[in-house]
Amino acid sequence: MPALTSQYKPIIRHRRILFWLCVLALAILNPWLIHADPTDVRIISLILALYFANISKISHWFIVIILYLMSAYAIVGMTHGTLNVSFIASVMDTNTTETLSFLPTIPLQNWFVALLGIALTYAYHKLSQPLAISNQKIAHWLQHKRKVTISVCVFLCILGIFTAYTQRFIKSITNIPYHYYEYNQALKLASTQPDHWQIKATLPNYQAYDNYVVVVGESVRQDYLSVYGYPHQTTPFLNHHTGQFFSNMYSMGGNTVTSLERTLALTKDAGNTPLPTENVMTLANKADYQTYWISNQGKLSKFDASTSAVALRADTPLFLKKGKYDDVNYDDEMMLDILQQQLDTESSNNNKKSSRVFFLHMYGSHPDICERLHGFERHFSLNMGEQMDCYLASIEKTDQFIAHLLQILQQHGSYSMIYFSDHGLFIDKENIHHTSNIQNTYHVPFFKISSDDTKQQFIKQPISQRHFLDFFANWLGVVTDKTDRRYDFQNPQEIPADKDITVFNGEKMVPLSSLETQPILQ
């Protein structure tokens, strides 16, 4: 034993060196635990916070507990960022099968960093010693009030930086479970309120197809689709495909929320106020269709709630993302795998009670656009920046998505599909982003393709997507007390043109003609 003790004397003698090495390692590692940038200021503030935390047992245990929690959360935090409502939603809404399938997708480096963080935190705890400040030192410092004032201010600033860095994580631990409960209860309430649809009659085309599909696109501008005349071949599949293509369809808003809550549901006050219970899903249910919602957008956040309230009315709602729309970067093609499974299941059950209506909510061309490609080859190089090339490629990828979708539908009887985009984007050589201030943002693709189409047809009259429910009701073959019979795919030439289209700019409805137009990049 004496020999063993003497062997470790150098380690004991250098305890303080080990402590500072541990503090430095924790300060460098800690930002990575929750996917934050390891800036110099942040690292320095962490070093000082770890040192001064030993001024009392309370502050020491406070920082140790936070470090343990951050290290444990790093298993998913390194990929998905700071703890938020989306993570709670994923945990609460995920079953055992989904959990087991999720675990293998966690990178090994996440596990390593988490274990390293736990080990370093334990070492920091064991190596820490109380920060002793003698009365003599205090008396000496008090003689230099200016020095004391400056030192206190510097320390508070450093502590403030550390607090700002950790407050989101600490706050989320206490507040986010409540927010999850609040969001979830509000969503349940919105999705269970009674609707007021009245089916007055059915038309000859009622349940004429085995499968009806509505594809809700994301961030696609009509003027960049070659099927509508864009010179670069962004839609090689659609270019020559049969179907009805609307050349002048305009969305209701410049972002997903403002557009879809006015497209998928009826509105009042000239489009200002959506009526959430009178929506596409409640109408399809009332018309005795089997309904499905398959989404690559989010389920639970303030940006997803209005769409989720529609989705949860479906007989079978299926979300790739349990939390926010930008939680995980899933490929839209994954929705087609789910659709295939649902169709195969229905076919094996010989369920012919009624036709089916599927809604597929894409992530499409949402910024950051290059991340949406998932390895899809870029065929365009316009010398206008990577984002522009990626945007065109994302539209071609959507074209391929539709081709794959139709291949699946062809295996399961007759079908009819509607595609529309929720809104477009501001596009120039410098940047691509959301906006509500230009006309092109609202000019979106809208087309219908059915298994019995015989030609490609273009409908040129200007139409607002506030009539989508009119088209939808007539497409399903039902007459209601709230929809207009004139908006019918079967009589395209008789569809009335909208003379004064208005759009929601984020604050109010404004005339589309009052907005500026943007040149198309070629």
# chains A, B, ... in the order shown; residues from 1 in each chain; ligands from 1
>>> select_by_dssp(residues="range 432-518 of chain A", states="helix (DSSP H, G or I)", output="list in words")
Gln439, Asn440, Thr441, Tyr442, Gln465, Arg466, His467, Phe468, Leu469, Asp470, Phe471, Phe472, Ala473, Asn474, Trp475, Leu476, Pro492, Gln493, Glu494, Leu512, Ser513 and Ser514 of chain A
>>> write_last_selection(atoms="N, CA, C and O atoms", output="PDB file, in the first residue's frame")
ATOM      1  N   GLN A 439     -45.716  40.400 -55.812  1.00  0.00           N
ATOM      2  CA  GLN A 439     -46.780  39.592 -56.417  1.00  0.00           C
ATOM      3  C   GLN A 439     -46.331  38.150 -56.686  1.00  0.00           C
ATOM      4  O   GLN A 439     -47.102  37.206 -56.488  1.00  0.00           O
ATOM      5  N   ASN A 440     -45.081  37.986 -57.131  1.00  0.00           N
ATOM      6  CA  ASN A 440     -44.609  36.654 -57.518  1.00  0.00           C
ATOM      7  C   ASN A 440     -44.696  35.652 -56.376  1.00  0.00           C
ATOM      8  O   ASN A 440     -44.833  34.450 -56.600  1.00  0.00           O
ATOM      9  N   THR A 441     -44.604  36.151 -55.145  1.00  0.00           N
ATOM     10  CA  THR A 441     -44.686  35.272 -53.978  1.00  0.00           C
ATOM     11  C   THR A 441     -46.017  34.536 -53.932  1.00  0.00           C
ATOM     12  O   THR A 441     -46.098  33.402 -53.440  1.00  0.00           O
ATOM     13  N   TYR A 442     -47.060  35.162 -54.439  1.00  0.00           N
ATOM     14  CA  TYR A 442     -48.408  34.601 -54.371  1.00  0.00           C
ATOM     15  C   TYR A 442     -48.794  33.815 -55.629  1.00  0.00           C
ATOM     16  O   TYR A 442     -49.809  33.113 -55.635  1.00  0.00           O
ATOM     17  N   GLN A 465     -56.839  31.279 -54.456  1.00  0.00           N
ATOM     18  CA  GLN A 465     -56.966  29.989 -53.776  1.00  0.00           C
ATOM     19  C   GLN A 465     -57.986  30.019 -52.636  1.00  0.00           C
ATOM     20  O   GLN A 465     -58.232  28.980 -52.010  1.00  0.00           O
ATOM     21  N   ARG A 466     -58.616  31.156 -52.412  1.00  0.00           N
ATOM     22  CA  ARG A 466     -59.706  31.168 -51.438  1.00  0.00           C
ATOM     23  C   ARG A 466     -60.885  30.340 -51.956  1.00  0.00           C
ATOM     24  O   ARG A 466     -61.791  30.005 -51.201  1.00  0.00           O
ATOM     25  N   HIS A 467     -60.846  29.986 -53.258  1.00  0.00           N
ATOM     26  CA  HIS A 467     -61.895  29.136 -53.843  1.00  0.00           C
ATOM     27  C   HIS A 467     -61.522  27.653 -53.769  1.00  0.00           C
ATOM     28  O   HIS A 467     -62.208  26.827 -54.389  1.00  0.00           O
ATOM     29  N   PHE A 468     -60.445  27.325 -53.064  1.00  0.00           N
ATOM     30  CA  PHE A 468     -60.026  25.931 -53.065  1.00  0.00           C
ATOM     31  C   PHE A 468     -61.119  24.998 -52.541  1.00  0.00           C
ATOM     32  O   PHE A 468     -61.332  23.913 -53.086  1.00  0.00           O
ATOM     33  N   LEU A 469     -61.810  25.394 -51.494  1.00  0.00           N
ATOM     34  CA  LEU A 469     -62.869  24.532 -50.963  1.00  0.00           C
ATOM     35  C   LEU A 469     -64.021  24.374 -51.952  1.00  0.00           C
ATOM     36  O   LEU A 469     -64.697  23.342 -51.959  1.00  0.00           O
ATOM     37  N   ASP A 470     -64.238  25.383 -52.791  1.00  0.00           N
ATOM     38  CA  ASP A 470     -65.245  25.239 -53.853  1.00  0.00           C
ATOM     39  C   ASP A 470     -64.814  24.143 -54.830  1.00  0.00           C
ATOM     40  O   ASP A 470     -65.604  23.243 -55.172  1.00  0.00           O
ATOM     41  N   PHE A 471     -63.547  24.229 -55.274  1.00  0.00           N
ATOM     42  CA  PHE A 471     -63.018  23.184 -56.161  1.00  0.00           C
ATOM     43  C   PHE A 471     -63.067  21.822 -55.465  1.00  0.00           C
ATOM     44  O   PHE A 471     -63.441  20.810 -56.079  1.00  0.00           O
ATOM     45  N   PHE A 472     -62.682  21.792 -54.211  1.00  0.00           N
ATOM     46  CA  PHE A 472     -62.578  20.546 -53.467  1.00  0.00           C
ATOM     47  C   PHE A 472     -63.939  19.852 -53.351  1.00  0.00           C
ATOM     48  O   PHE A 472     -64.053  18.635 -53.597  1.00  0.00           O
ATOM     49  N   ALA A 473     -64.974  20.613 -53.002  1.00  0.00           N
ATOM     50  CA  ALA A 473     -66.314  20.030 -52.862  1.00  0.00           C
ATOM     51  C   ALA A 473     -66.806  19.458 -54.185  1.00  0.00           C
ATOM     52  O   ALA A 473     -67.315  18.330 -54.251  1.00  0.00           O
ATOM     53  N   ASN A 474     -66.633  20.226 -55.256  1.00  0.00           N
ATOM     54  CA  ASN A 474     -67.087  19.752 -56.566  1.00  0.00           C
ATOM     55  C   ASN A 474     -66.254  18.574 -57.054  1.00  0.00           C
ATOM     56  O   ASN A 474     -66.758  17.676 -57.746  1.00  0.00           O
ATOM     57  N   TRP A 475     -64.963  18.556 -56.707  1.00  0.00           N
ATOM     58  CA  TRP A 475     -64.073  17.450 -57.067  1.00  0.00           C
ATOM     59  C   TRP A 475     -64.518  16.155 -56.386  1.00  0.00           C
ATOM     60  O   TRP A 475     -64.532  15.091 -57.014  1.00  0.00           O
ATOM     61  N   LEU A 476     -64.918  16.275 -55.112  1.00  0.00           N
ATOM     62  CA  LEU A 476     -65.411  15.088 -54.387  1.00  0.00           C
ATOM     63  C   LEU A 476     -66.827  14.707 -54.808  1.00  0.00           C
ATOM     64  O   LEU A 476     -67.289  13.610 -54.494  1.00  0.00           O
ATOM     65  N   PRO A 492     -64.092  23.719 -66.942  1.00  0.00           N
ATOM     66  CA  PRO A 492     -63.040  24.732 -66.717  1.00  0.00           C
ATOM     67  C   PRO A 492     -63.296  26.066 -67.405  1.00  0.00           C
ATOM     68  O   PRO A 492     -62.915  27.113 -66.876  1.00  0.00           O
ATOM     69  N   GLN A 493     -63.937  26.035 -68.563  1.00  0.00           N
ATOM     70  CA  GLN A 493     -64.164  27.289 -69.280  1.00  0.00           C
ATOM     71  C   GLN A 493     -65.209  28.165 -68.599  1.00  0.00           C
ATOM     72  O   GLN A 493     -65.288  29.371 -68.867  1.00  0.00           O
ATOM     73  N   GLU A 494     -66.008  27.579 -67.744  1.00  0.00           N
ATOM     74  CA  GLU A 494     -67.062  28.345 -67.065  1.00  0.00           C
ATOM     75  C   GLU A 494     -66.627  28.845 -65.677  1.00  0.00           C
ATOM     76  O   GLU A 494     -67.400  29.502 -64.984  1.00  0.00           O
ATOM     77  N   LEU A 512     -53.752  42.462 -54.664  1.00  0.00           N
ATOM     78  CA  LEU A 512     -52.553  41.881 -55.271  1.00  0.00           C
ATOM     79  C   LEU A 512     -51.896  42.882 -56.209  1.00  0.00           C
ATOM     80  O   LEU A 512     -50.663  42.970 -56.281  1.00  0.00           O
ATOM     81  N   SER A 513     -52.703  43.653 -56.905  1.00  0.00           N
ATOM     82  CA  SER A 513     -52.177  44.622 -57.882  1.00  0.00           C
ATOM     83  C   SER A 513     -51.378  45.746 -57.234  1.00  0.00           C
ATOM     84  O   SER A 513     -50.627  46.442 -57.912  1.00  0.00           O
ATOM     85  N   SER A 514     -51.514  45.927 -55.922  1.00  0.00           N
ATOM     86  CA  SER A 514     -50.782  46.992 -55.237  1.00  0.00           C
ATOM     87  C   SER A 514     -49.338  46.600 -54.937  1.00  0.00           C
ATOM     88  O   SER A 514     -48.542  47.447 -54.510  1.00  0.00           O
TER      89      SER A 514
END
>>> residues_around(residues="Leu225 in chain A", least_positions_apart="6", cutoff="10 Å", atoms="only C-alpha atoms", output="list in words")
Pro231, His232, Gln233, Thr234, Thr235, Pro236, Leu238, Asn239, Leu392, Ile395, Glu396, Asp399, Val444 and Pro445 of chain A
>>> closest_residue(among="A:Asp331, A:Asp428, A:Asp422, A:Asp452", to="Gly243 in chain A", atoms="only C-alpha atoms")
A:Asp452
>>> select_by_dssp(residues="range 391-460 of chain A", states="strand (DSSP E)", output="ChimeraX atom specification")
/A:415-421,426-427,432-433,443-450,456-459
>>> atom_distance(atom1="CA of His443 in chain A", atom2="CA of Val227 in chain A")
14.4 Å
>>> closest_atom_pairs(of="range 338-424 of chain A", to="range 274-296 of chain A", cutoff="6 Å", atoms="only C-alpha atoms", output="CSV")
residue,atom,partner,partner_atom,distance
A:Ser354,CA,A:Tyr289,CA,5.7
A:Ser355,CA,A:Tyr289,CA,5.5
A:Arg356,CA,A:Gln290,CA,4.6
A:Val357,CA,A:Thr291,CA,4.9
A:Phe358,CA,A:Tyr292,CA,4.8
A:Phe359,CA,A:Trp293,CA,4.8
A:Leu360,CA,A:Ile294,CA,4.9
A:His361,CA,A:Ser295,CA,4.6
A:Met362,CA,A:Asn296,CA,5.5
A:Tyr363,CA,A:Asn296,CA,5.8
